[in-house]
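Structure record follows, encoded as structure tokens.
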There are 2 protein chains.
Amino acid sequence: LLPGAQTDIEPIRYEDGRVRYLDQRLLPGVERYVETADWRDVAGAIGTLAVRGAPLIGIAAAYGLALAARSGEMHEAARGLTSTRPTAVNLRWAIDRVVAASGGAADQVATVEAEALRLHQEQIESDERMSELGAGLLPDRATVLTHCNTGSLATGGIGTALGVIKTAHRQGKIARVLVDETRPLLQGSRLTARELERVGVRFDVIVDAAAAGIIAAGGVDAIVVGADRIAANGDTANKVGTYGLALAARAHDVPFYVVAPVSTIDAGTRTRAEITIEHRDEDEVLAFGGTRVATARASALNPAFDVTPHELVTAIVTERRVLRAPFVDAIASVVRPAAVAS
Amino acid sequence: LLPGAQTDIEPIRYEDGRVRYLDQRLLPGVERYVETADWRDVAGAIGTLAVRGAPLIGIAAAYGLALAARSGEMHEAARGLTSTRPTAVNLRWAIDRVVAASGGAADQVATVEAEALRLHQEQIESDERMSELGAGLLPDRATVLTHCNTGSLATGGIGTALGVIKTAHRQGKIARVLVDETRPLLQGSRLTARELERVGVRFDVIVDAAAAGIIAAGGVDAIVVGADRIAANGDTANKVGTYGLALAARAHDVPFYVVAPVSTIDAGTRTRAEITIEHRDEDEVLAFGGTRVATARASALNPAFDVTPHELVTAIVTERRVLRAPFVDAIASVVRPAAVAS
């Protein structure tokens, strides 16, 4: 069985020198798969968010390198794939790992393919462990709020934050999920809603701006989100809107959990001051489904991420263990052994 | 000259026993005016948000009563118009005022028409005074963030919070405006953007969830918003998303100003605990321009407002004066004399 074939939806697959990916921009209306043997198509899919989610773009980049190994373009591909998204660190981590594995191999193609498939399989296993650990943090009959999409469509496994929710649901602990629609690209109402429907969890979509008032009204027991980059001190870059949720959580003593694999931690980024925030095209904000909604001459700012200071994070759930403050020490304890082992 | 005829756009007009209103749902693409002699059409326009903005729906309701006076349906109309929107207090205030003015008048129609026109004219004058007082609070070269639409389209005058921005712009004090798009109905990118374009202010639209991160990055000097109901202690109900802005403003020491006429203050509402939040149809969240964006079976929660506790409000700008904490005393000082005078 190929990695990911057992999940309810398969956002990416590598087989016989071809990558097959789901174009997530068309969900939930259209389920279109694209097959390619060219790493440039994979880079394009990452850049346009046809393939998105921090762990999944790492896997996609690894598979892109497998294609590039076949065409003898590993170096160009490593550069081209790295430049697609500046904030997510799993992307760079996956590329570095696959490139390192390829070094000096007699059969580079087989080595790179094997490493990419292994990376995907490890993500699936990490998801399972994070989901178990995170579910253990939730109370019974919990109403949980989440942002963006952090499920199978974001990781190729069960998911990170959404994996926690799915696992807690299997354990009978979830009363309801509140799903931030997540403007501008609506990963919540399009993707997270789709995954929750499949597993039968009760949920309601809300506009992102409604979260704070609902939290204030006492309607939320915990917030779980993913991460695109975690600094060495626990500062967390994630989909724009996460920081506002963390502020509301703190104001009303609601636990705020970040769920992400250790590969999302960038020990080389000391604090949030060093995190580059990707700004995307203003048309994502000004248009909707190809139709302009704003006035004809309006311009927009479109930061794709924001940074939540570690002081607002209750715990970071990784596949190794649940990390709590002081985060510098907790993070060092899971990152350093990995750095030595690799 | 009829009230409002001098503003750059005229969202409502009463003339010769007919109300002419702009259907704001179709902006900015289509500028469609609807004319009617039936108060029920006015009530429908308020309920569907074809006519929206706390002060403007008060004016619309007053004009609706003028139509009803002609058809001898004042009592039904007062009831029907009051029930259209439960949170905004200007609506109820305007209806009470026009009904009170009509009591025992020999020529009820002329009395009611005159009172409705006077109410509109007073709103225009209040807007001017609030805008001057509010502009005085802003620093030079200010970047100001605002939410929803609080301009001519919301009041029939220059506007409340957006009136402050327009006036400060005329004084050369505005470097840039950040406009929350304001999901679900996008009053920011559709309406506020339109008004700012007309007066030539530099602005950028952002998704609502981006505000906190931009505030954290130091990019905002002041936040100005309107209000739909202000309790006797200063707790402020306004368009959903306002509370989250206030939390971010407090976290980063950014002044947070509420701009609203004294008619928005409901002295009978002691604190936020007594404010009813209107919940609107879930299709506003799940669909866009008539096209479903969420999954087919998704449901939504759609609170139209949230409440900002007075502790997070730097000042409330009214047409009488700028109110500051302790708000109970400051509010009593502007509300009680009015109650005695009327």
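We name chains A, B, ... following the order of the structure tokens; residues begin at 1 in each chain, and ligands are numbered from 1 as shown.
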
Members of range 109-215 of chain A assigned alpha helix (DSSP H) by DSSP, as a ChimeraX atom specification | /A:109-135,152-155,161-170,187,193-199,211-215

Find the residues in chain B near chain A: any atom within 7 Å counts, using only C-alpha atoms. Write them as a PyMOL selection string.
-> chain B and resi 28+183-184+189-190+193-194+204-210+212-213+240-241+243-244+247-248+285+293-295+298-303+306-307

How far apart are chain B and chain A by Cα RMSD after a least-squares superposition over every Cα, paired in order?
->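 Result: 0.1 Å C-alpha RMSD.
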
If you count only C-alpha atoms, which residues fall within 10 Å of range 119-125 of chain A, apart from same-chain ones fewer than 4 positions away, as number ranges by chain?
-> A: 2-4, 6-7, 12-14, 55-56, 58-60, 62-63, 94, 97-98, 113-115, 129-131, 152, 155-160, 261, 263, 319

Next, dump the selected residues to file, keeping only N, CA, C and O atoms, as a short mmCIF file (atom, residue, chain, number, x, y, z; two decimals), in the first residue's frame.
data_model
loop_
_atom_site.label_atom_id
_atom_site.label_comp_id
_atom_site.auth_asym_id
_atom_site.auth_seq_id
_atom_site.Cartn_x
_atom_site.Cartn_y
_atom_site.Cartn_z
N LEU A 2 0.56 2.19 -0.85
CA LEU A 2 1.33 3.44 -0.88
C LEU A 2 0.98 4.30 0.32
O LEU A 2 -0.14 4.23 0.84
N PRO A 3 1.91 5.18 0.74
CA PRO A 3 1.60 6.08 1.86
C PRO A 3 0.35 6.90 1.56
O PRO A 3 0.21 7.46 0.48
N GLY A 4 -0.55 6.95 2.52
CA GLY A 4 -1.72 7.81 2.38
C GLY A 4 -2.91 7.13 1.76
O GLY A 4 -4.03 7.65 1.81
N GLN A 6 -4.66 4.84 2.67
CA GLN A 6 -5.70 4.42 3.63
C GLN A 6 -6.50 5.59 4.20
O GLN A 6 -7.44 5.38 4.95
N THR A 7 -6.14 6.85 3.90
CA THR A 7 -6.91 7.98 4.44
C THR A 7 -8.17 8.17 3.62
O THR A 7 -8.30 7.65 2.52
N ILE A 12 -2.17 13.43 -2.24
CA ILE A 12 -1.00 13.27 -3.12
C ILE A 12 -0.57 11.81 -3.12
O ILE A 12 -0.74 11.09 -2.14
N ARG A 13 0.00 11.38 -4.26
CA ARG A 13 0.51 10.03 -4.38
C ARG A 13 1.69 10.04 -5.35
O ARG A 13 1.67 10.78 -6.34
N TYR A 14 2.67 9.21 -5.05
CA TYR A 14 3.80 9.04 -5.98
C TYR A 14 3.82 7.59 -6.44
O TYR A 14 3.83 6.67 -5.61
N PRO A 55 2.70 20.33 6.29
CA PRO A 55 3.33 19.02 6.08
C PRO A 55 3.18 18.52 4.64
O PRO A 55 4.11 17.95 4.07
N LEU A 56 2.01 18.75 4.03
CA LEU A 56 1.79 18.22 2.68
C LEU A 56 2.71 18.85 1.65
O LEU A 56 3.16 18.17 0.72
N GLY A 58 5.67 19.80 2.18
CA GLY A 58 6.95 19.11 2.35
C GLY A 58 6.97 17.79 1.59
O GLY A 58 7.93 17.48 0.87
N ILE A 59 5.90 17.02 1.72
CA ILE A 59 5.79 15.74 1.01
C ILE A 59 5.79 15.98 -0.50
O ILE A 59 6.47 15.28 -1.26
N ALA A 60 5.03 16.97 -0.94
CA ALA A 60 4.96 17.26 -2.38
C ALA A 60 6.33 17.64 -2.92
O ALA A 60 6.73 17.21 -4.02
N ALA A 62 9.19 16.70 -1.72
CA ALA A 62 10.00 15.48 -1.75
C ALA A 62 9.69 14.67 -3.01
O ALA A 62 10.59 14.18 -3.70
N TYR A 63 8.40 14.55 -3.32
CA TYR A 63 8.02 13.83 -4.54
C TYR A 63 8.47 14.59 -5.79
O TYR A 63 8.85 13.99 -6.81
N ALA A 94 12.05 19.17 4.25
CA ALA A 94 11.88 17.98 3.41
C ALA A 94 12.87 17.99 2.26
O ALA A 94 13.48 16.95 1.92
N ARG A 97 16.33 17.19 3.49
CA ARG A 97 16.46 15.78 3.87
C ARG A 97 16.61 14.89 2.63
O ARG A 97 17.46 13.99 2.60
N VAL A 98 15.80 15.15 1.60
CA VAL A 98 15.86 14.31 0.41
C VAL A 98 17.17 14.56 -0.35
O VAL A 98 17.81 13.61 -0.83
N GLU A 113 13.53 8.40 -4.40
CA GLU A 113 12.14 7.92 -4.34
C GLU A 113 11.86 7.28 -2.99
O GLU A 113 10.83 7.55 -2.36
N ALA A 114 12.77 6.47 -2.54
CA ALA A 114 12.58 5.77 -1.26
C ALA A 114 12.51 6.77 -0.10
O ALA A 114 11.68 6.64 0.81
N GLU A 115 13.37 7.80 -0.15
CA GLU A 115 13.38 8.78 0.93
C GLU A 115 12.08 9.59 0.94
O GLU A 115 11.52 9.89 2.01
N ARG A 129 0.30 9.88 16.16
CA ARG A 129 0.79 10.09 17.53
C ARG A 129 0.38 11.45 18.07
O ARG A 129 -0.07 11.57 19.22
N MET A 130 0.50 12.49 17.22
CA MET A 130 0.04 13.83 17.66
C MET A 130 -1.44 13.80 17.98
O MET A 130 -1.88 14.42 18.96
N SER A 131 -2.20 13.10 17.18
CA SER A 131 -3.65 13.09 17.37
C SER A 131 -4.03 12.42 18.68
O SER A 131 -4.91 12.89 19.39
N SER A 152 -6.38 15.65 6.63
CA SER A 152 -5.75 14.81 5.61
C SER A 152 -5.30 15.64 4.42
O SER A 152 -4.27 15.37 3.81
N THR A 155 -1.88 17.21 5.29
CA THR A 155 -0.71 16.44 5.74
C THR A 155 -0.51 15.14 4.98
O THR A 155 0.57 14.56 5.03
N GLY A 156 -1.53 14.64 4.32
CA GLY A 156 -1.42 13.32 3.72
C GLY A 156 -1.67 12.20 4.71
O GLY A 156 -1.72 11.03 4.34
N GLY A 157 -1.82 12.55 5.99
CA GLY A 157 -2.16 11.55 7.01
C GLY A 157 -3.55 11.85 7.56
O GLY A 157 -4.43 12.29 6.83
N ILE A 158 -3.74 11.65 8.88
CA ILE A 158 -5.03 11.97 9.49
C ILE A 158 -5.15 13.47 9.75
O ILE A 158 -6.25 14.01 9.85
N GLY A 159 -3.99 14.12 9.81
CA GLY A 159 -3.98 15.57 10.08
C GLY A 159 -3.29 15.87 11.39
O GLY A 159 -2.97 14.98 12.17
N THR A 160 -3.06 17.18 11.61
CA THR A 160 -2.43 17.61 12.86
C THR A 160 -3.54 18.06 13.82
O THR A 160 -4.10 17.24 14.54
N PRO A 261 4.18 18.61 13.68
CA PRO A 261 5.32 17.69 13.82
C PRO A 261 6.60 18.46 14.14
O PRO A 261 6.69 19.66 13.89
N SER A 263 9.19 18.50 12.65
CA SER A 263 9.78 19.09 11.43
C SER A 263 9.30 20.52 11.18
O SER A 263 9.88 21.24 10.37
N GLU A 319 4.74 14.90 17.72
CA GLU A 319 4.65 13.43 17.71
C GLU A 319 5.50 12.81 18.81
O GLU A 319 5.31 11.65 19.16
#

Figure out the distance between CA of Lys173 in chain B and CA of Arg141 in chain B, please, to one decimal in Å.
-> 5.0 Å

Point-to-point distance from CA of Thr82 in chain B to CA of Ile95 in chain B, Å rounded to tenths =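 For CA of Thr82 in chain B relative to CA of Ile95 in chain B, the distance reads 7.3 Å.
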